[in-house]
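S.K.: For reference, this is query-v8.txt, and it has compact mmCIF, C-alpha atoms and all ligand atoms.
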```
# COMPACT_ATOMS: atom_id res chain seq x y z
CA MET A 1 138.63 57.49 199.70
CA PRO A 2 139.72 57.93 196.08
CA ALA A 3 137.46 56.66 193.35
CA ASP A 4 137.66 52.93 192.88
CA PRO A 5 140.19 52.50 190.06
CA VAL A 6 138.79 49.13 189.06
CA PRO A 7 135.87 49.20 186.64
CA ALA A 8 133.23 46.64 187.51
CA ASP A 9 133.61 43.33 185.72
CA PRO A 10 130.69 41.18 184.71
CA VAL A 11 129.87 38.31 187.06
CA ARG A 12 130.82 35.07 185.35
CA ALA A 13 127.93 32.83 184.41
CA ASP A 14 130.18 29.76 184.57
CA PRO A 15 131.72 29.58 188.03
CA VAL A 16 134.66 27.22 188.34
CA PHE A 17 133.93 26.69 192.03
CA ALA A 18 130.24 25.99 192.44
CA ALA A 19 130.46 23.53 195.32
CA ARG A 20 132.89 22.30 197.97
CA GLU A 21 133.63 19.23 195.80
CA ASP A 22 135.19 21.55 193.23
CA ALA A 23 137.62 22.74 195.90
CA VAL A 24 138.37 19.14 196.89
CA ALA A 25 139.04 18.27 193.25
CA ALA A 26 141.37 21.26 192.84
CA ASP A 27 143.35 20.14 195.89
CA ASP A 28 143.58 16.59 194.55
CA ARG A 29 145.57 17.86 191.60
CA ASP A 30 147.50 20.59 193.46
CA PRO A 31 151.19 20.36 192.49
CA LEU A 32 152.14 22.68 195.38
CA ALA A 33 150.57 20.60 198.14
CA PHE A 34 154.03 19.51 199.30
CA ALA A 35 154.97 23.07 200.28
CA ARG A 36 152.60 23.38 203.23
CA ALA A 37 154.84 21.15 205.35
CA ARG A 38 157.55 23.79 204.99
CA PHE A 39 155.54 26.08 207.29
CA SER A 40 154.75 26.00 210.96
CA LEU A 41 151.08 26.93 211.03
CA PRO A 42 148.93 27.01 214.16
CA ALA A 43 146.22 24.36 214.31
CA GLY A 44 142.63 25.50 214.01
CA ARG A 45 143.37 28.66 212.06
CA THR A 46 143.06 29.57 208.42
CA TYR A 47 145.57 32.24 207.67
CA LEU A 48 144.39 34.63 204.98
CA ASP A 49 146.72 37.46 205.93
CA GLY A 50 150.03 36.25 204.49
CA ASN A 51 150.02 39.32 202.26
CA SER A 52 150.51 41.40 205.40
CA LEU A 53 152.72 39.17 207.54
CA GLY A 54 153.77 35.83 206.11
CA PRO A 55 153.69 32.87 208.55
CA LEU A 56 156.64 31.15 210.15
CA ALA A 57 158.65 28.84 207.92
CA ALA A 58 159.63 25.59 209.63
CA SER A 59 163.30 26.21 208.78
CA VAL A 60 163.48 29.50 210.70
CA PRO A 61 163.63 28.53 214.41
CA GLY A 62 166.68 26.29 213.87
CA ALA A 63 168.39 28.97 211.83
CA ILE A 64 167.75 31.55 214.55
CA ASP A 65 169.09 29.17 217.20
CA ASP A 66 172.20 28.66 215.13
CA ALA A 67 172.58 32.39 214.51
CA ILE A 68 172.43 33.07 218.24
CA ALA A 69 174.23 30.13 219.82
CA ARG A 70 176.91 29.37 217.28
CA GLN A 71 177.37 32.44 215.11
CA TRP A 72 176.92 35.17 217.70
CA GLY A 73 177.54 33.15 220.87
CA ARG A 74 180.64 31.26 219.82
CA ASP A 75 182.10 32.78 216.65
CA LEU A 76 181.48 36.35 217.75
CA ILE A 77 182.91 39.01 215.46
CA MET A 78 184.65 36.40 213.33
CA SER A 79 181.18 35.64 211.95
CA TRP A 80 181.44 38.61 209.61
CA ASN A 81 183.83 36.49 207.57
CA ASP A 82 183.48 32.93 208.84
CA ASN A 83 179.69 32.83 208.71
CA GLY A 84 179.30 35.12 205.71
CA TRP A 85 177.64 38.00 207.51
CA TRP A 86 179.38 40.60 205.38
CA THR A 87 178.11 39.20 202.10
CA LEU A 88 174.60 38.40 203.33
CA PRO A 89 172.80 41.45 201.80
CA GLY A 90 173.93 40.46 198.31
CA ARG A 91 173.41 36.74 198.87
CA LEU A 92 169.88 37.31 200.05
CA GLY A 93 169.40 39.80 197.23
CA ASP A 94 170.30 37.18 194.63
CA ARG A 95 167.86 34.70 196.14
CA ILE A 96 165.08 37.28 196.13
CA GLY A 97 166.12 38.17 192.59
CA ARG A 98 165.23 34.67 191.42
CA LEU A 99 161.64 35.33 192.52
CA ILE A 100 161.33 38.67 190.72
CA GLY A 101 163.04 37.96 187.44
CA ALA A 102 166.31 39.65 188.32
CA ALA A 103 169.64 38.12 187.33
CA ALA A 104 172.28 38.01 190.07
CA GLY A 105 173.97 41.19 191.23
CA GLN A 106 171.00 43.55 191.04
CA VAL A 107 169.21 43.17 194.38
CA SER A 108 170.45 44.17 197.82
CA CYS A 109 168.61 43.28 201.01
CA GLY A 110 168.39 45.53 204.04
CA ASP A 111 166.48 48.28 205.85
CA SER A 112 162.76 48.88 205.46
CA THR A 113 160.69 49.37 202.34
CA SER A 114 160.23 53.00 203.34
CA VAL A 115 164.00 53.52 203.43
CA GLN A 116 164.57 51.63 200.18
CA LEU A 117 161.85 53.63 198.48
CA PHE A 118 163.56 56.84 199.55
CA GLN A 119 166.83 55.51 198.14
CA ALA A 120 165.23 54.46 194.86
CA LEU A 121 163.18 57.62 194.30
CA VAL A 122 166.10 59.97 194.93
CA ALA A 123 168.47 57.90 192.78
CA ALA A 124 165.87 57.71 190.00
CA ALA A 125 165.25 61.46 190.08
CA ARG A 126 169.00 62.12 190.02
CA LEU A 127 169.19 60.25 186.71
CA ARG A 128 166.96 62.96 185.22
CA PRO A 129 168.22 66.14 186.90
CA GLU A 130 166.73 68.45 184.27
CA ARG A 131 163.18 67.16 184.80
CA ARG A 132 160.92 68.52 187.53
CA THR A 133 157.94 66.22 188.09
CA MET A 134 157.43 62.90 189.79
CA ILE A 135 154.33 60.87 188.98
CA ILE A 136 153.01 58.57 191.68
CA GLU A 137 149.98 56.39 191.93
CA ALA A 138 146.81 58.01 193.23
CA GLY A 139 145.65 56.03 196.25
CA GLY A 140 148.96 54.23 196.65
CA PHE A 141 150.16 52.86 199.98
CA PRO A 142 150.59 55.71 202.49
CA THR A 143 154.32 55.31 203.02
CA ASP A 144 154.87 55.45 199.26
CA GLN A 145 152.98 58.72 199.02
CA TYR A 146 154.61 60.27 202.07
CA ILE A 147 158.14 59.36 201.01
CA ALA A 148 157.51 60.63 197.48
CA ASP A 149 156.27 63.95 198.85
CA SER A 150 159.34 64.27 201.04
CA VAL A 151 161.71 63.40 198.21
CA ALA A 152 159.96 66.01 196.08
CA ARG A 153 160.43 68.65 198.78
CA LEU A 154 164.06 67.70 199.11
CA LEU A 155 164.79 67.85 195.38
CA GLY A 156 162.39 70.65 194.44
CA LEU A 157 160.10 68.42 192.37
CA THR A 158 156.35 68.53 191.90
CA VAL A 159 154.35 65.37 192.65
CA TRP A 160 151.41 64.37 190.49
CA ARG A 161 149.06 61.65 191.68
CA VAL A 162 147.53 59.79 188.76
CA THR A 163 145.87 56.46 188.03
CA ALA A 164 147.38 53.97 185.60
CA ASP A 165 144.74 54.97 183.05
CA GLU A 166 145.79 58.60 183.26
CA LEU A 167 149.50 57.91 183.05
CA ALA A 168 150.03 58.25 179.30
CA HIS A 169 148.27 61.61 179.37
CA ALA A 170 150.21 62.86 182.39
CA LEU A 171 153.69 61.97 181.11
CA ASP A 172 155.73 64.64 179.38
CA GLN A 173 159.27 65.84 178.87
CA ASP A 174 159.34 67.10 182.43
CA THR A 175 158.57 63.72 184.08
CA ALA A 176 161.64 62.50 185.92
CA VAL A 177 160.18 59.52 187.77
CA VAL A 178 157.11 57.29 187.68
CA ALA A 179 156.51 55.30 190.87
CA PHE A 180 153.75 52.68 190.92
CA SER A 181 152.87 49.49 192.78
CA VAL A 182 152.70 46.19 190.92
CA VAL A 183 149.69 45.06 192.98
CA ASP A 184 147.32 47.56 194.60
CA TYR A 185 147.46 46.90 198.35
CA ARG A 186 143.74 47.42 198.74
CA THR A 187 142.00 46.16 195.63
CA GLY A 188 144.51 43.49 194.59
CA GLU A 189 144.53 44.89 191.06
CA LEU A 190 147.63 43.89 189.09
CA ALA A 191 149.23 46.67 187.08
CA ASP A 192 150.31 46.29 183.47
CA VAL A 193 153.93 46.30 184.60
CA ALA A 194 155.46 45.93 181.14
CA GLY A 195 153.09 48.45 179.57
CA VAL A 196 153.56 51.13 182.23
CA THR A 197 157.33 50.71 182.06
CA ARG A 198 157.32 50.99 178.27
CA THR A 199 155.05 54.05 178.28
CA ALA A 200 157.15 55.81 180.91
CA HIS A 201 160.38 54.99 179.09
CA LEU A 202 159.01 56.38 175.82
CA ALA A 203 158.61 59.70 177.65
CA GLY A 204 162.16 59.42 178.99
CA ALA A 205 161.13 58.84 182.62
CA VAL A 206 162.71 56.43 185.10
CA VAL A 207 160.36 53.90 186.72
CA VAL A 208 160.34 52.77 190.36
CA TRP A 209 158.17 49.72 191.00
CA ASP A 210 156.94 48.74 194.44
CA LEU A 211 156.66 44.95 194.65
CA CYS A 212 155.44 44.70 198.25
CA HIS A 213 152.26 42.81 197.37
CA ALA A 214 153.79 41.05 194.37
CA ALA A 215 157.11 39.48 195.36
CA GLY A 216 156.41 35.87 196.29
CA ALA A 217 152.86 36.15 194.91
CA LEU A 218 153.60 36.19 191.19
CA ALA A 219 156.55 36.45 188.81
CA VAL A 220 157.32 40.03 187.87
CA GLU A 221 160.26 39.55 185.42
CA LEU A 222 162.00 42.83 186.20
CA ASP A 223 164.89 42.22 183.79
CA ALA A 224 162.65 41.21 180.90
CA ILE A 225 160.50 44.35 181.14
CA GLU A 226 163.64 46.51 181.41
CA ALA A 227 162.72 47.81 184.84
CA ASP A 228 164.89 50.55 186.30
CA PHE A 229 164.43 50.41 190.07
CA ALA A 230 162.22 48.32 192.33
CA VAL A 231 161.70 47.84 196.05
CA GLY A 232 159.75 45.39 198.14
CA CYS A 233 159.07 43.95 201.57
CA GLY A 234 160.56 40.86 203.14
CA TYR A 235 157.74 40.08 205.54
CA LYS A 236 154.69 39.67 203.26
CA TYR A 237 154.58 36.84 200.69
CA LEU A 238 158.31 36.28 201.21
CA ASN A 239 157.60 35.23 204.82
CA GLY A 240 160.81 36.77 206.16
CA GLY A 241 159.32 37.42 209.60
CA PRO A 242 158.09 40.46 211.51
CA GLY A 243 160.20 43.46 210.60
CA ALA A 244 162.17 41.46 208.04
CA PRO A 245 164.43 43.65 205.97
CA ALA A 246 163.25 44.93 202.61
CA TRP A 247 165.24 45.02 199.39
CA ILE A 248 166.08 47.21 196.42
CA TYR A 249 166.62 46.29 192.77
CA ILE A 250 168.79 48.47 190.60
CA ALA A 251 169.06 47.36 186.97
CA ARG A 252 172.66 46.64 186.12
CA ARG A 253 172.73 49.34 183.44
CA HIS A 254 171.95 52.01 186.04
CA GLN A 255 174.35 50.84 188.72
CA PRO A 256 177.45 52.80 187.60
CA SER A 257 175.47 56.06 187.61
CA ALA A 258 173.06 55.37 190.50
CA ASP A 259 173.66 58.18 193.01
CA LEU A 260 171.98 56.89 196.17
CA PRO A 261 171.29 59.42 198.91
CA LEU A 262 172.08 57.28 201.97
CA THR A 263 175.81 56.88 201.67
CA GLY A 264 176.64 54.60 204.57
CA TRP A 265 179.95 52.90 205.05
CA HIS A 266 178.72 49.45 203.99
CA GLY A 267 178.12 50.88 200.51
CA HIS A 268 181.65 52.25 200.21
CA ALA A 269 184.01 50.90 197.55
CA ASP A 270 186.53 50.03 200.27
CA PRO A 271 184.69 49.99 203.60
CA PHE A 272 187.64 48.89 205.70
CA ALA A 273 189.93 51.63 204.43
CA LEU A 274 187.78 53.85 206.67
CA ALA A 275 188.35 56.79 204.34
CA ALA A 276 187.02 60.24 205.17
CA ASP A 277 185.27 60.59 201.81
CA TYR A 278 182.58 58.45 200.26
CA SER A 279 183.24 56.55 197.11
CA PRO A 280 180.47 54.14 196.10
CA ALA A 281 181.06 50.44 195.59
CA THR A 282 180.70 49.25 192.04
CA GLY A 283 177.66 47.13 191.45
CA ILE A 284 174.68 46.58 193.71
CA ASP A 285 176.74 46.85 196.90
CA ARG A 286 176.50 50.62 196.60
CA ALA A 287 172.87 50.20 197.70
CA ARG A 288 174.04 49.00 201.11
CA ILE A 289 173.81 51.55 203.90
CA GLY A 290 174.96 50.65 207.41
CA THR A 291 175.23 47.54 209.55
CA PRO A 292 172.24 45.35 208.72
CA PRO A 293 169.99 43.53 211.25
CA LEU A 294 171.80 40.19 211.06
CA LEU A 295 169.36 38.14 213.12
CA SER A 296 166.45 39.25 210.95
CA MET A 297 168.43 38.65 207.80
CA LEU A 298 169.42 35.15 208.86
CA ALA A 299 165.78 34.38 209.64
CA PHE A 300 164.82 35.73 206.21
CA GLU A 301 167.49 33.63 204.53
CA ALA A 302 166.13 30.47 206.17
CA ALA A 303 162.56 31.46 205.26
CA LEU A 304 163.51 31.66 201.60
CA GLU A 305 164.14 27.90 201.62
CA VAL A 306 160.39 27.40 201.19
CA TRP A 307 160.89 28.44 197.55
CA ASP A 308 163.30 25.62 196.72
CA GLY A 309 161.96 23.73 193.73
CA VAL A 310 158.83 25.90 193.46
CA SER A 311 157.90 26.97 189.95
CA LEU A 312 156.52 30.50 189.82
CA ALA A 313 154.25 29.51 186.95
CA THR A 314 152.68 26.81 189.14
CA LEU A 315 152.45 29.27 192.01
CA ARG A 316 150.61 31.75 189.81
CA THR A 317 148.18 29.14 188.52
CA LYS A 318 147.25 28.14 192.06
CA SER A 319 147.05 31.73 193.25
CA LEU A 320 144.60 32.56 190.47
CA SER A 321 142.61 29.44 191.22
CA LEU A 322 142.29 30.39 194.91
CA GLY A 323 141.24 33.89 193.87
CA ARG A 324 138.68 32.46 191.48
CA LEU A 325 137.26 30.38 194.33
CA VAL A 326 136.80 33.42 196.59
CA ILE A 327 135.23 35.42 193.77
CA ASP A 328 132.89 32.61 192.67
CA PHE A 329 131.84 32.04 196.26
CA ALA A 330 131.18 35.72 196.88
CA ASP A 331 129.24 36.14 193.64
CA ALA A 332 127.02 33.14 194.24
CA ARG A 333 126.67 32.98 198.01
CA LEU A 334 127.33 36.35 199.62
CA PRO A 335 124.48 38.70 198.80
CA GLY A 336 125.32 42.34 199.46
CA VAL A 337 129.05 41.72 199.20
CA GLU A 338 130.87 43.39 196.33
CA VAL A 339 133.98 41.87 194.76
CA VAL A 340 136.33 44.83 194.40
CA THR A 341 139.21 42.88 192.87
CA PRO A 342 139.18 42.49 189.09
CA ARG A 343 137.63 39.25 187.93
CA GLN A 344 139.97 38.77 184.97
CA ASP A 345 142.97 36.66 185.88
CA GLU A 346 145.51 38.89 184.16
CA ARG A 347 144.43 41.86 186.25
CA ARG A 348 144.62 40.18 189.66
CA GLY A 349 147.40 39.80 192.20
CA SER A 350 147.12 37.23 194.98
CA HIS A 351 144.62 38.79 197.36
CA VAL A 352 140.93 39.45 196.96
CA ALA A 353 139.14 42.42 198.49
CA LEU A 354 135.46 42.29 199.33
CA ARG A 355 133.39 45.35 200.12
CA LEU A 356 130.97 44.71 202.99
CA PRO A 357 128.62 46.94 204.95
CA ASP A 358 130.58 46.43 208.16
CA ALA A 359 133.90 44.98 207.09
CA TYR A 360 135.59 45.81 210.38
CA ALA A 361 133.15 43.82 212.51
CA ALA A 362 133.00 40.97 209.99
CA CYS A 363 136.78 40.73 210.08
CA GLN A 364 136.78 40.58 213.88
CA ALA A 365 134.03 37.96 213.87
CA LEU A 366 136.07 35.87 211.43
CA ILE A 367 139.18 36.12 213.59
CA ALA A 368 137.14 34.94 216.59
CA ARG A 369 136.24 31.88 214.49
CA GLY A 370 139.83 31.14 213.46
CA VAL A 371 139.77 32.78 210.03
CA ILE A 372 142.35 35.51 209.86
CA GLY A 373 141.95 38.11 207.16
CA ASP A 374 142.31 41.85 207.45
CA PHE A 375 140.34 45.02 207.29
CA ARG A 376 141.24 48.05 205.22
CA ALA A 377 139.35 51.25 205.95
CA PRO A 378 136.73 52.17 205.25
CA ASP A 379 134.88 49.06 204.07
CA LEU A 380 137.16 46.34 202.70
CA LEU A 381 137.80 42.83 203.92
CA ARG A 382 141.08 41.68 202.39
CA LEU A 383 141.82 37.99 201.98
CA GLY A 384 145.41 37.05 201.16
CA LEU A 385 145.73 33.82 199.19
CA ALA A 386 149.26 32.51 199.55
CA PRO A 387 149.50 29.38 197.39
CA LEU A 388 152.37 27.73 199.25
CA TYR A 389 150.39 26.82 202.34
CA LEU A 390 146.68 27.27 201.62
CA SER A 391 144.41 24.64 200.14
CA HIS A 392 141.24 25.27 198.18
CA VAL A 393 139.15 23.42 200.76
CA GLU A 394 140.54 25.53 203.55
CA VAL A 395 139.65 28.70 201.67
CA TRP A 396 136.20 27.33 200.79
CA ASP A 397 135.54 26.54 204.45
CA ALA A 398 136.74 29.99 205.48
CA MET A 399 134.30 31.52 203.00
CA THR A 400 131.55 29.39 204.52
CA VAL A 401 132.40 30.86 207.92
CA LEU A 402 132.15 34.32 206.39
CA ARG A 403 128.76 33.44 204.96
CA GLU A 404 127.51 32.28 208.35
CA VAL A 405 128.86 35.38 210.09
CA LEU A 406 127.08 37.62 207.60
CA SER A 407 123.82 35.73 207.14
CA SER A 408 123.28 35.14 210.85
CA GLY A 409 124.13 38.73 211.72
CA ALA A 410 126.73 37.42 214.20
CA TYR A 411 129.12 40.15 213.11
CA ARG A 412 126.81 42.70 214.75
CA ASP A 413 127.79 41.46 218.20
CA ALA A 414 129.10 44.42 220.22
CA ALA A 415 132.33 42.53 220.90
CA TYR A 416 133.31 43.03 217.25
CA SER A 417 132.61 46.75 217.02
CA ARG A 418 135.42 49.19 216.63
CA THR A 419 134.63 50.88 219.91
CA ALA A 420 134.90 47.55 221.74
CA ARG A 421 138.35 46.95 220.28
CA GLY A 422 139.68 50.42 220.91
CA THR A 423 142.34 50.17 218.23
CA VAL A 424 142.18 49.79 214.50
CA THR A 425 144.80 47.49 213.12
C1 LIG B 501 153.67 46.81 203.10
C2 LIG B 501 154.00 47.96 202.24
C3 LIG B 501 154.98 48.89 202.61
C4 LIG B 501 155.64 48.75 203.96
O1 LIG B 501 156.66 49.65 204.20
P1 LIG B 501 157.52 49.45 205.54
O2 LIG B 501 158.60 50.43 205.43
O3 LIG B 501 157.97 48.02 205.54
O4 LIG B 501 156.62 49.67 206.70
C5 LIG B 501 155.27 49.92 201.74
N1 LIG B 501 154.64 50.03 200.55
C6 LIG B 501 153.69 49.15 200.16
C7 LIG B 501 153.02 49.30 198.83
C8 LIG B 501 153.34 48.09 201.00
O5 LIG B 501 152.41 47.22 200.63
```
Give the structure from the file, written as structure tokens.

M.R.:
Amino acid sequence: MPADPVPADPVRADPVFAAREDAVAADDRDPLAFARARFSLPAGRTYLDGNSLGPLAASVPGAIDDAIARQWGRDLIMSWNDNGWWTLPGRLGDRIGRLIGAAAGQVSCGDSTSVQLFQALVAAARLRPERRTMIIEAGGFPTDQYIADSVARLLGLTVWRVTADELAHALDQDTAVVAFSVVDYRTGELADVAGVTRTAHLAGAVVVWDLCHAAGALAVELDAIEADFAVGCGYKYLNGGPGAPAWIYIARRHQPSADLPLTGWHGHADPFALAADYSPATGIDRARIGTPPLLSMLAFEAALEVWDGVSLATLRTKSLSLGRLVIDFADARLPGVEVVTPRQDERRGSHVALRLPDAYAACQALIARGVIGDFRAPDLLRLGLAPLYLSHVEVWDAMTVLREVLSSGAYRDAAYSRTARGTVT
């Protein structure tokens, strides 16, 4: 386990959420309360894992039925034109773009985050062919580290793993690429996205941001910070469904020169000419690879309807408020539990991580009581706070369940031990 990158913050003397009534009051003035009805949530469960797999949007089943019965079943191959299948990656990309501060024509949807990260890292490194190092985040998500190492082997680069604090010192004239996550998947710490981008650009490096735990959780404003490349998931806070396709952002200024490694026929300038040689499409369509998973993409498209009329500023305010509730509760009522996530609002994403003596068993005990969070080895309980469908009272009550599980020792029941479960998820 790498050293905790988050310095301890002082516990606030003035909790905002001191009692359940404070949660009730926050819900009474919640401008996002209307959005919960846009989801199909199971009764009797509090879902605090939307940062891992977003829940089902109510608009999705009908869209899937239509995709199967009408589009596939009746319109068959004509759907590529008649039902807009061909243009779906860019259409979806533009909709995602509105949630990440990207003007139209810079986001393409498809494939997995791992694949899109490979695309972005290689293309970014190819913009700086004379430079030999790639800087990635120490303790970043495994796939991000593994893909970066592979890209480095492929291109003959050296990978340096650094923390955000060490970045300025590590950058030099040999840095081709800097690849960081906007929100740390374990601690929930929010990076200084604008600052890191500026610092890396001053050294002449190209930046690849991973928005997996940020897209749909907070506004990132990729265009405004002059981001270069970004990638992110479809199935976390964007609620696109299990295995939903990911997406890639390529700033418009880089598109003419972006040399992407996976040169599939959907990214060709003239795909239906079926030419023997590759010639990339102009614009973001060059980021397309091969035939996309249409059913998943149509589900994702329907899921994005939950964002209609939602202000990202309001979303952020509620997300921070839910985070504050979890932190205040843990500080005041959960002895022996350490808040790992930064306490300052501007340094937090939308999940809170708590360090517990036996986080695995506590997580299992919570799930048995209808509170679904997740465990991250070795000792973190991660609670995802998606503002579109969670209320303050629901989160308060879930924290009360956690308190009971811990104070009663119920989590020590053998049924919740790792050996009883057999697998670690
Ligand atoms: C969730 C997540 C991924 C997932 O990658 P897949 O290819 O979709 O499995 C990658 N990176 C980060 C930072 C993530 O949080």

S.K.: Using all atoms listed in the file, determine which residues fall within 7 Å of ligand LIG 501 (chain B), then list them as a list in words.

M.R.: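 The residues within 7 Å of ligand LIG 501 (chain B), counting all atoms listed in the file, are Ser52, Ser112, Thr113, Ser114, Val115, Gly140, Phe141, Thr143, Asp144, Ser181, Tyr185, Asp210, Cys212, His213, Cys233 and Ala246 of chain A.
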
S.K.: Report, in Å with one decimal, the straight-line distance from atom CA of Thr291 of chain A to atom CA of His266 of chain A.

M.R.: 6.8 Å

S.K.: Got a sec: who's within 8 Å of Phe118 of chain A, counting only C-alpha atoms, leaving out chain neighbours fewer than 2 positions off, as a list in words?

M.R.: Ser114, Val115, Gln116, Ala120, Leu121, Val122, Ile147, Ala148 and Val151 of chain A

S.K.: Between A:Trp307, A:Phe300, A:Phe329, A:Tyr360, which residue has the minimum interatomic distance to Leu380 of chain A, considering all atoms listed in the file?

M.R.: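 Using all atoms listed in the file, Leu380 of chain A sits closest to A:Tyr360.
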
S.K.: Which of these, A:Glu130, A:Asp328, A:Asp285, A:Asp345, has the shortest distance to Trp86 of chain A once you count only C-alpha atoms?

M.R.: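 Nearest candidate to Trp86 of chain A out of A:Glu130, A:Asp328, A:Asp285, A:Asp345: A:Asp285.
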
S.K.: Would you kindly return, as a PyMOL selection string, each protein, DNA or RNA residue with an atom no farther than 9 Å from any atom of Arg91 of chain A, considering only C-alpha atoms and excluding same-chain residues fewer than 3 positions away?

M.R.: chain A and resi 87-88+94-96+104-105+107-109+301

S.K.: Pick the closest to Ala398 of chain A from A:Leu127, A:Leu48, A:Ala35, A:Ala152: which is it, counting only C-alpha atoms?

M.R.: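 Nearest to Ala398 of chain A: A:Leu48.
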
S.K.: Quick one: residues within 7 Å of segment 249-260 of chain A, all atoms listed in the file, excluding same-chain residues fewer than 2 positions away - as a PDB file with C-alpha atoms, keeping the file's coordinate frame?

M.R.:
```pdb
ATOM      1  CA  GLN A 106     171.000  43.550 191.040  1.00  0.00           C
ATOM      2  CA  VAL A 107     169.210  43.170 194.380  1.00  0.00           C
ATOM      3  CA  SER A 108     170.450  44.170 197.820  1.00  0.00           C
ATOM      4  CA  GLN A 119     166.830  55.510 198.140  1.00  0.00           C
ATOM      5  CA  VAL A 122     166.100  59.970 194.930  1.00  0.00           C
ATOM      6  CA  ALA A 123     168.470  57.900 192.780  1.00  0.00           C
ATOM      7  CA  ARG A 126     169.000  62.120 190.020  1.00  0.00           C
ATOM      8  CA  ALA A 227     162.720  47.810 184.840  1.00  0.00           C
ATOM      9  CA  ASP A 228     164.890  50.550 186.300  1.00  0.00           C
ATOM     10  CA  PHE A 229     164.430  50.410 190.070  1.00  0.00           C
ATOM     11  CA  ALA A 230     162.220  48.320 192.330  1.00  0.00           C
ATOM     12  CA  VAL A 231     161.700  47.840 196.050  1.00  0.00           C
ATOM     13  CA  TRP A 247     165.240  45.020 199.390  1.00  0.00           C
ATOM     14  CA  LEU A 262     172.080  57.280 201.970  1.00  0.00           C
ATOM     15  CA  THR A 263     175.810  56.880 201.670  1.00  0.00           C
ATOM     16  CA  THR A 282     180.700  49.250 192.040  1.00  0.00           C
ATOM     17  CA  GLY A 283     177.660  47.130 191.450  1.00  0.00           C
ATOM     18  CA  ILE A 284     174.680  46.580 193.710  1.00  0.00           C
ATOM     19  CA  ALA A 287     172.870  50.200 197.700  1.00  0.00           C
TER      20      ALA A 287
END
```

S.K.: Taking N, CA and C atoms as the atom set, what does segment 31-43 of chain A look like once completed, written as a PDB file, in the frame of the given file?

M.R.:
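Result file out-v4.pdb:
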```
ATOM      1  N   PRO A  31     149.766  20.717 192.520  1.00  0.00           N
ATOM      2  CA  PRO A  31     151.190  20.360 192.490  1.00  0.00           C
ATOM      3  C   PRO A  31     152.019  21.053 193.580  1.00  0.00           C
ATOM      4  N   LEU A  32     151.407  21.975 194.319  1.00  0.00           N
ATOM      5  CA  LEU A  32     152.140  22.680 195.380  1.00  0.00           C
ATOM      6  C   LEU A  32     151.790  22.159 196.768  1.00  0.00           C
ATOM      7  N   ALA A  33     151.024  21.090 196.829  1.00  0.00           N
ATOM      8  CA  ALA A  33     150.570  20.600 198.140  1.00  0.00           C
ATOM      9  C   ALA A  33     151.744  20.285 199.070  1.00  0.00           C
ATOM     10  N   PHE A  34     152.867  19.873 198.475  1.00  0.00           N
ATOM     11  CA  PHE A  34     154.030  19.510 199.300  1.00  0.00           C
ATOM     12  C   PHE A  34     154.562  20.687 200.122  1.00  0.00           C
ATOM     13  N   ALA A  35     154.307  21.916 199.674  1.00  0.00           N
ATOM     14  CA  ALA A  35     154.970  23.070 200.280  1.00  0.00           C
ATOM     15  C   ALA A  35     154.412  23.437 201.656  1.00  0.00           C
ATOM     16  N   ARG A  36     153.200  23.014 201.945  1.00  0.00           N
ATOM     17  CA  ARG A  36     152.600  23.380 203.230  1.00  0.00           C
ATOM     18  C   ARG A  36     153.436  22.884 204.407  1.00  0.00           C
ATOM     19  N   ALA A  37     154.033  21.711 204.261  1.00  0.00           N
ATOM     20  CA  ALA A  37     154.840  21.150 205.350  1.00  0.00           C
ATOM     21  C   ALA A  37     156.076  21.986 205.630  1.00  0.00           C
ATOM     22  N   ARG A  38     156.384  22.921 204.765  1.00  0.00           N
ATOM     23  CA  ARG A  38     157.550  23.790 204.990  1.00  0.00           C
ATOM     24  C   ARG A  38     157.214  24.941 205.945  1.00  0.00           C
ATOM     25  N   PHE A  39     155.962  25.004 206.377  1.00  0.00           N
ATOM     26  CA  PHE A  39     155.540  26.080 207.290  1.00  0.00           C
ATOM     27  C   PHE A  39     155.116  25.500 208.624  1.00  0.00           C
ATOM     28  N   SER A  40     155.191  26.346 209.628  1.00  0.00           N
ATOM     29  CA  SER A  40     154.750  26.000 210.960  1.00  0.00           C
ATOM     30  C   SER A  40     153.479  26.797 211.217  1.00  0.00           C
ATOM     31  N   LEU A  41     152.344  26.190 210.934  1.00  0.00           N
ATOM     32  CA  LEU A  41     151.080  26.930 211.030  1.00  0.00           C
ATOM     33  C   LEU A  41     150.315  26.480 212.254  1.00  0.00           C
ATOM     34  N   PRO A  42     149.684  27.407 212.969  1.00  0.00           N
ATOM     35  CA  PRO A  42     148.930  27.010 214.160  1.00  0.00           C
ATOM     36  C   PRO A  42     147.698  26.193 213.790  1.00  0.00           C
ATOM     37  N   ALA A  43     147.405  25.186 214.582  1.00  0.00           N
ATOM     38  CA  ALA A  43     146.220  24.360 214.310  1.00  0.00           C
ATOM     39  C   ALA A  43     144.956  25.193 214.526  1.00  0.00           C
TER      40      ALA A  43
END
```
